[in-house]
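J.: Once you've had a glance at the structure underneath, I'll fire off some questions.
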Amino acid sequence: IGEKVPFKVTVKIPANVLETDLKIVDTITKGLTLNTAVTVTGGTDYSSATFALDVTNDDGSKVYSFTIPAATVKANAGNTLVFEYTATVNKDAVVVEPEKNTAHLEYANNAIPDTPPVQTFPVAYDVQKVDSADKTVVLSGAEFTLKNAANTEVKVTLIKAASDNNNVNVYRVAVDGETAAKITGGTFRIEGLNDEEYTLTETKAPTGYKLGDTV
């Protein structure tokens with residue numbers, strides 16, 4: 001969660017282009033938050049654009065677009081325009097399915113097919129604390145801290161308690177405004193992680209046991 005995903009759309013404007021608007025449409029799933037500022041390169045007197053929200057679908061996905069005015073399209077006849085923008089992985093990202101983003105162009109009342117979807121896979125870790133001598137014995141009562149590759153503690157929030165989820169606590173990386181929770185339990189899952197190295201350190205051992213190794 002919080003990781004930025006880059007996107008790029010490349011448009012070749014024909015040399016004999018009609019003087020008509022060109023619309024770029026982007027559809028993004030609810031686990032991604034579109035950053036609406038767009039950087040444009042390769043153009044004549046045209047270096048930026050801004051997406052506007054058109055519609056929010058029932059499944060939480062959103063459709064954004066911006067229009068290149070006809071005069072700007074004509075002024076860029078023969079140019080290759082490159083549009084670059086980003087989206088941020090948010091708390092609604094689903095671990096078991098990729099988040100997707102597609103874009104297409106609308107020109108002279110025709111729609112050019114969507115680009116192949118860009119897929120983003122959120123990361124989750126499943127952890128179980130067991131007795132070193134008998135790995136069938138799951139140990140409760142331990143507490144842990146999680147740190148990222150920069151050695152900064154990662155705050156998490158509890159989204160499913162073990163009592164309601166087959167004795168498995170499920171945590172997600174916390175976003176601004178959410179209450180941080182201690183990572184506890186013999187079996188737990190941490191969702192919403194980025195694709196980087198993390199360390200999990202036991203800070204409190206179960207009664208009668210010593211602290212385990214950092215993993």
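Letters A, B, ... go to the chains of the structure tokens in the order shown; residues in each chain start at 1; ligands are counted from 1 in the same order.
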Can you pull out the residues contacting A:Asp21? Cut-off 6 Å, using only C-alpha atoms, and skip same-chain residues under 2 positions away; I want them as an mmCIF file with N, CA and C atoms, in the first residue's frame.
T.:
```cif
data_model
loop_
_atom_site.group_PDB
_atom_site.id
_atom_site.type_symbol
_atom_site.label_atom_id
_atom_site.label_comp_id
_atom_site.auth_asym_id
_atom_site.auth_seq_id
_atom_site.Cartn_x
_atom_site.Cartn_y
_atom_site.Cartn_z
ATOM 1 N N ILE A 68 -7.714 16.286 -25.608
ATOM 2 C CA ILE A 68 -6.756 17.158 -26.282
ATOM 3 C C ILE A 68 -7.550 17.957 -27.308
ATOM 4 N N PRO A 69 -7.587 19.273 -27.173
ATOM 5 C CA PRO A 69 -8.396 20.083 -28.100
ATOM 6 C C PRO A 69 -7.964 19.901 -29.558
ATOM 7 N N ALA A 70 -8.901 20.079 -30.459
ATOM 8 C CA ALA A 70 -8.651 19.865 -31.885
ATOM 9 C C ALA A 70 -7.469 20.677 -32.394
#
```
J.: Find the spatial neighbours of stretch 194-207 of chain A, counting only C-alpha atoms, within a cut-off of 12 Å - ignore same-chain residues fewer than 2 positions away - and output them as number ranges by chain.
T.: A: 1-5, 88-91, 93, 95, 120-131, 138-154, 172-173, 182-186, 190-192, 209-215
J.: When distances are computed from only C-alpha atoms, which of A:Thr157, A:Thr20, A:Thr136, A:Asn166 shows the smallest separation from A:Glu178?
T.: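 Selected residue with least distance to A:Glu178: A:Thr157.
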J.: Using DSSP on the backbone, list every residue of chain A that comes out as strand (DSSP E or B), and give them as a ChimeraX atom specification.
T.: /A:4-12,22-28,32-41,48-50,52-56,62-68,80-89,99-107,110-112,118-120,123-128,130,138,143-147,153,156-160,169-173,181,183-184,187-193,199-204
J.: Work out how far apart atom CA of A:Val168 and atom CA of A:Arg189 are and give it in Å to one decimal.
T.: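 Separation of atom CA of A:Val168 and atom CA of A:Arg189: 7.2 Å.
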J.: Run DSSP on the backbone of this structure and report the residues of chain A it assigns to helix (DSSP H, G or I), as a ChimeraX atom specification.
T.: /A:70-75,162-164
J.: Taking N, CA and C atoms for each residue, export the selection above as an mmCIF file, in the first residue's frame.
T.:
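And here's part_19.cif as it stands now:
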```cif
data_model
loop_
_atom_site.group_PDB
_atom_site.id
_atom_site.type_symbol
_atom_site.label_atom_id
_atom_site.label_comp_id
_atom_site.auth_asym_id
_atom_site.auth_seq_id
_atom_site.Cartn_x
_atom_site.Cartn_y
_atom_site.Cartn_z
ATOM 1 N N ALA A 70 -8.901 20.079 -30.459
ATOM 2 C CA ALA A 70 -8.651 19.865 -31.885
ATOM 3 C C ALA A 70 -7.469 20.677 -32.394
ATOM 4 N N ALA A 71 -7.366 21.942 -31.953
ATOM 5 C CA ALA A 71 -6.273 22.783 -32.434
ATOM 6 C C ALA A 71 -4.918 22.233 -31.991
ATOM 7 N N THR A 72 -4.863 21.666 -30.773
ATOM 8 C CA THR A 72 -3.616 21.075 -30.277
ATOM 9 C C THR A 72 -3.284 19.798 -31.038
ATOM 10 N N VAL A 73 -4.313 19.007 -31.334
ATOM 11 C CA VAL A 73 -4.099 17.796 -32.137
ATOM 12 C C VAL A 73 -3.509 18.183 -33.496
ATOM 13 N N LYS A 74 -4.092 19.178 -34.150
ATOM 14 C CA LYS A 74 -3.616 19.596 -35.477
ATOM 15 C C LYS A 74 -2.191 20.138 -35.400
ATOM 16 N N ALA A 75 -1.887 20.899 -34.332
ATOM 17 C CA ALA A 75 -0.546 21.473 -34.181
ATOM 18 C C ALA A 75 0.515 20.404 -33.976
ATOM 19 N N ALA A 162 -8.669 -13.020 15.003
ATOM 20 C CA ALA A 162 -8.571 -14.484 15.001
ATOM 21 C C ALA A 162 -9.863 -15.134 15.456
ATOM 22 N N SER A 163 -10.551 -14.506 16.422
ATOM 23 C CA SER A 163 -11.778 -15.089 16.956
ATOM 24 C C SER A 163 -12.875 -15.197 15.900
ATOM 25 N N ASP A 164 -12.764 -14.384 14.858
ATOM 26 C CA ASP A 164 -13.774 -14.415 13.788
ATOM 27 C C ASP A 164 -13.242 -14.993 12.487
#
```
J.: Point out the residue among A:Leu34, A:Val17, A:Ile24, A:Leu81 with the least atom-to-atom distance to A:Thr67, counting only C-alpha atoms.
T.: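 Distance minimum relative to A:Thr67 lands on A:Ile24.
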J.: Restricting the calculation to only C-alpha atoms, which member of A:Thr44, A:Ser65, A:Asn76, A:Asn57 is positioned closest to A:Leu18?
T.: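 Ranked by minimum distance to A:Leu18, first place goes to A:Asn76.
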J.: Please, what distance in Å, to one decimal, runs between atom CA of A:Asp26 and atom CA of A:Gly60?
T.: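 Taking atom CA of A:Asp26 as the start and atom CA of A:Gly60 as the end point, the length is 14.1 Å.
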J.: Let me make sure I understand: among A:Gly208, A:Val25, A:Ala174, A:Pro6, which one has the smallest atom-to-atom distance to A:Val55 if we use only C-alpha atoms?
T.: A:Val25
J.: Need to verify the contact set: A:Lys62, 12 Å, only C-alpha atoms, exclusion of same-chain residues closer than 6 positions in sequence. Can you return it as a list of chain:residue names?
T.: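 Answer for this query is A:Val25, A:Asp26, A:Thr27, A:Ile28, A:Thr29, A:Lys30, A:Gly31, A:Leu32, A:Thr33, A:Leu34, A:Phe51, A:Ala52, A:Leu53, A:Asp54, A:Val55, A:Thr56, A:Lys100, A:Asn101, A:Thr102, A:Ala103.
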J.: Using the selection just defined, write its residues with all heavy atoms as a tab-separated table (two decimals), in the first residue's frame.
T.:
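This went into part_2.tsv:
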```
chain	number	residue	atom	x	y	z
A	25	VAL	N	-8.99	7.90	-22.41
A	25	VAL	CA	-9.85	7.37	-21.35
A	25	VAL	C	-9.10	6.28	-20.59
A	25	VAL	O	-8.50	5.39	-21.19
A	25	VAL	CB	-11.15	6.79	-21.94
A	25	VAL	CG1	-12.06	6.28	-20.82
A	25	VAL	CG2	-11.87	7.83	-22.78
A	26	ASP	N	-9.13	6.36	-19.27
A	26	ASP	CA	-8.43	5.39	-18.42
A	26	ASP	C	-9.43	4.77	-17.45
A	26	ASP	O	-10.19	5.48	-16.79
A	26	ASP	CB	-7.31	6.09	-17.64
A	26	ASP	CG	-6.44	5.12	-16.87
A	26	ASP	OD1	-6.87	4.61	-15.81
A	26	ASP	OD2	-5.32	4.87	-17.32
A	27	THR	N	-9.43	3.44	-17.38
A	27	THR	CA	-10.28	2.71	-16.44
A	27	THR	C	-9.40	1.99	-15.44
A	27	THR	O	-8.49	1.25	-15.81
A	27	THR	CB	-11.18	1.69	-17.18
A	27	THR	OG1	-11.96	2.37	-18.15
A	27	THR	CG2	-12.09	0.98	-16.20
A	28	ILE	N	-9.68	2.20	-14.15
A	28	ILE	CA	-8.79	1.72	-13.10
A	28	ILE	C	-9.60	1.04	-12.00
A	28	ILE	O	-10.69	1.49	-11.64
A	28	ILE	CB	-7.97	2.91	-12.55
A	28	ILE	CG1	-6.78	2.47	-11.73
A	28	ILE	CG2	-8.83	3.89	-11.78
A	28	ILE	CD1	-5.76	3.57	-11.51
A	29	THR	N	-9.12	-0.10	-11.48
A	29	THR	CA	-9.84	-0.82	-10.45
A	29	THR	C	-9.72	-0.11	-9.10
A	29	THR	O	-8.87	0.74	-8.90
A	29	THR	CB	-9.33	-2.27	-10.33
A	29	THR	OG1	-7.91	-2.26	-10.16
A	29	THR	CG2	-9.66	-3.08	-11.58
A	30	LYS	N	-10.60	-0.49	-8.15
A	30	LYS	CA	-10.73	0.28	-6.92
A	30	LYS	C	-9.51	0.16	-6.00
A	30	LYS	O	-9.35	0.98	-5.09
A	30	LYS	CB	-11.98	-0.12	-6.15
A	30	LYS	CG	-11.96	-1.53	-5.56
A	30	LYS	CD	-13.23	-1.78	-4.75
A	30	LYS	CE	-13.22	-3.15	-4.08
A	30	LYS	NZ	-14.42	-3.37	-3.25
A	31	GLY	N	-8.64	-0.81	-6.24
A	31	GLY	CA	-7.44	-0.95	-5.42
A	31	GLY	C	-6.32	-0.01	-5.82
A	31	GLY	O	-5.25	-0.02	-5.22
A	32	LEU	N	-6.56	0.81	-6.84
A	32	LEU	CA	-5.59	1.80	-7.29
A	32	LEU	C	-6.23	3.18	-7.27
A	32	LEU	O	-7.38	3.34	-7.66
A	32	LEU	CB	-5.10	1.49	-8.72
A	32	LEU	CG	-4.30	0.21	-8.92
A	32	LEU	CD1	-4.10	-0.07	-10.40
A	32	LEU	CD2	-2.95	0.30	-8.22
A	33	THR	N	-5.48	4.17	-6.81
A	33	THR	CA	-5.94	5.55	-6.81
A	33	THR	C	-5.17	6.32	-7.88
A	33	THR	O	-3.94	6.43	-7.80
A	33	THR	CB	-5.71	6.21	-5.43
A	33	THR	OG1	-6.43	5.48	-4.43
A	33	THR	CG2	-6.19	7.66	-5.45
A	34	LEU	N	-5.88	6.80	-8.88
A	34	LEU	CA	-5.21	7.50	-9.98
A	34	LEU	C	-4.70	8.86	-9.53
A	34	LEU	O	-5.44	9.64	-8.91
A	34	LEU	CB	-6.17	7.67	-11.15
A	34	LEU	CG	-5.55	8.21	-12.44
A	34	LEU	CD1	-4.64	7.16	-13.08
A	34	LEU	CD2	-6.64	8.63	-13.43
A	51	PHE	N	-6.33	14.35	-15.72
A	51	PHE	CA	-7.49	13.48	-15.81
A	51	PHE	C	-8.64	14.04	-14.95
A	51	PHE	O	-8.42	14.59	-13.87
A	51	PHE	CB	-7.17	12.08	-15.29
A	51	PHE	CG	-6.53	11.17	-16.30
A	51	PHE	CD1	-5.21	10.78	-16.17
A	51	PHE	CD2	-7.27	10.67	-17.36
A	51	PHE	CE1	-4.63	9.93	-17.08
A	51	PHE	CE2	-6.69	9.81	-18.28
A	51	PHE	CZ	-5.36	9.43	-18.14
A	52	ALA	N	-9.87	13.86	-15.42
A	52	ALA	CA	-11.07	14.19	-14.65
A	52	ALA	C	-11.90	12.92	-14.52
A	52	ALA	O	-11.96	12.10	-15.43
A	52	ALA	CB	-11.88	15.29	-15.33
A	53	LEU	N	-12.56	12.76	-13.36
A	53	LEU	CA	-13.38	11.57	-13.13
A	53	LEU	C	-14.66	11.65	-13.93
A	53	LEU	O	-15.40	12.64	-13.86
A	53	LEU	CB	-13.70	11.45	-11.64
A	53	LEU	CG	-14.61	10.30	-11.22
A	53	LEU	CD1	-13.95	8.96	-11.53
A	53	LEU	CD2	-14.96	10.40	-9.74
A	54	ASP	N	-14.95	10.61	-14.71
A	54	ASP	CA	-16.18	10.54	-15.50
A	54	ASP	C	-17.28	9.77	-14.78
A	54	ASP	O	-18.43	10.18	-14.73
A	54	ASP	CB	-15.93	9.89	-16.86
A	54	ASP	CG	-15.07	10.76	-17.77
A	54	ASP	OD1	-15.03	11.98	-17.54
A	54	ASP	OD2	-14.43	10.21	-18.69
A	55	VAL	N	-16.91	8.59	-14.24
A	55	VAL	CA	-17.92	7.73	-13.62
A	55	VAL	C	-17.25	6.76	-12.65
A	55	VAL	O	-16.10	6.35	-12.85
A	55	VAL	CB	-18.71	6.95	-14.70
A	55	VAL	CG1	-17.81	5.99	-15.46
A	55	VAL	CG2	-19.90	6.21	-14.09
A	56	THR	N	-17.99	6.42	-11.58
A	56	THR	CA	-17.58	5.35	-10.67
A	56	THR	C	-18.52	4.19	-10.87
A	56	THR	O	-19.74	4.32	-10.73
A	56	THR	CB	-17.64	5.82	-9.20
A	56	THR	OG1	-16.75	6.93	-9.02
A	56	THR	CG2	-17.22	4.69	-8.27
A	100	LYS	N	-5.97	-3.76	-11.93
A	100	LYS	CA	-5.76	-3.55	-13.37
A	100	LYS	C	-6.03	-2.11	-13.76
A	100	LYS	O	-6.86	-1.43	-13.16
A	100	LYS	CB	-6.67	-4.49	-14.18
A	100	LYS	CG	-6.40	-5.97	-13.95
A	100	LYS	CD	-7.33	-6.83	-14.78
A	100	LYS	CE	-7.09	-8.30	-14.55
A	100	LYS	NZ	-8.00	-9.15	-15.35
A	101	ASN	N	-5.32	-1.69	-14.80
A	101	ASN	CA	-5.53	-0.37	-15.37
A	101	ASN	C	-5.43	-0.48	-16.88
A	101	ASN	O	-4.50	-1.09	-17.41
A	101	ASN	CB	-4.48	0.60	-14.85
A	101	ASN	CG	-4.73	2.02	-15.34
A	101	ASN	OD1	-5.79	2.56	-15.12
A	101	ASN	ND2	-3.75	2.59	-16.03
A	102	THR	N	-6.43	0.07	-17.61
A	102	THR	CA	-6.39	0.08	-19.07
A	102	THR	C	-6.67	1.50	-19.57
A	102	THR	O	-7.28	2.31	-18.87
A	102	THR	CB	-7.44	-0.87	-19.68
A	102	THR	OG1	-8.75	-0.45	-19.27
A	102	THR	CG2	-7.20	-2.31	-19.25
A	103	ALA	N	-6.23	1.78	-20.79
A	103	ALA	CA	-6.48	3.09	-21.39
A	103	ALA	C	-6.85	2.89	-22.86
A	103	ALA	O	-6.41	1.93	-23.50
A	103	ALA	CB	-5.25	3.98	-21.28
```
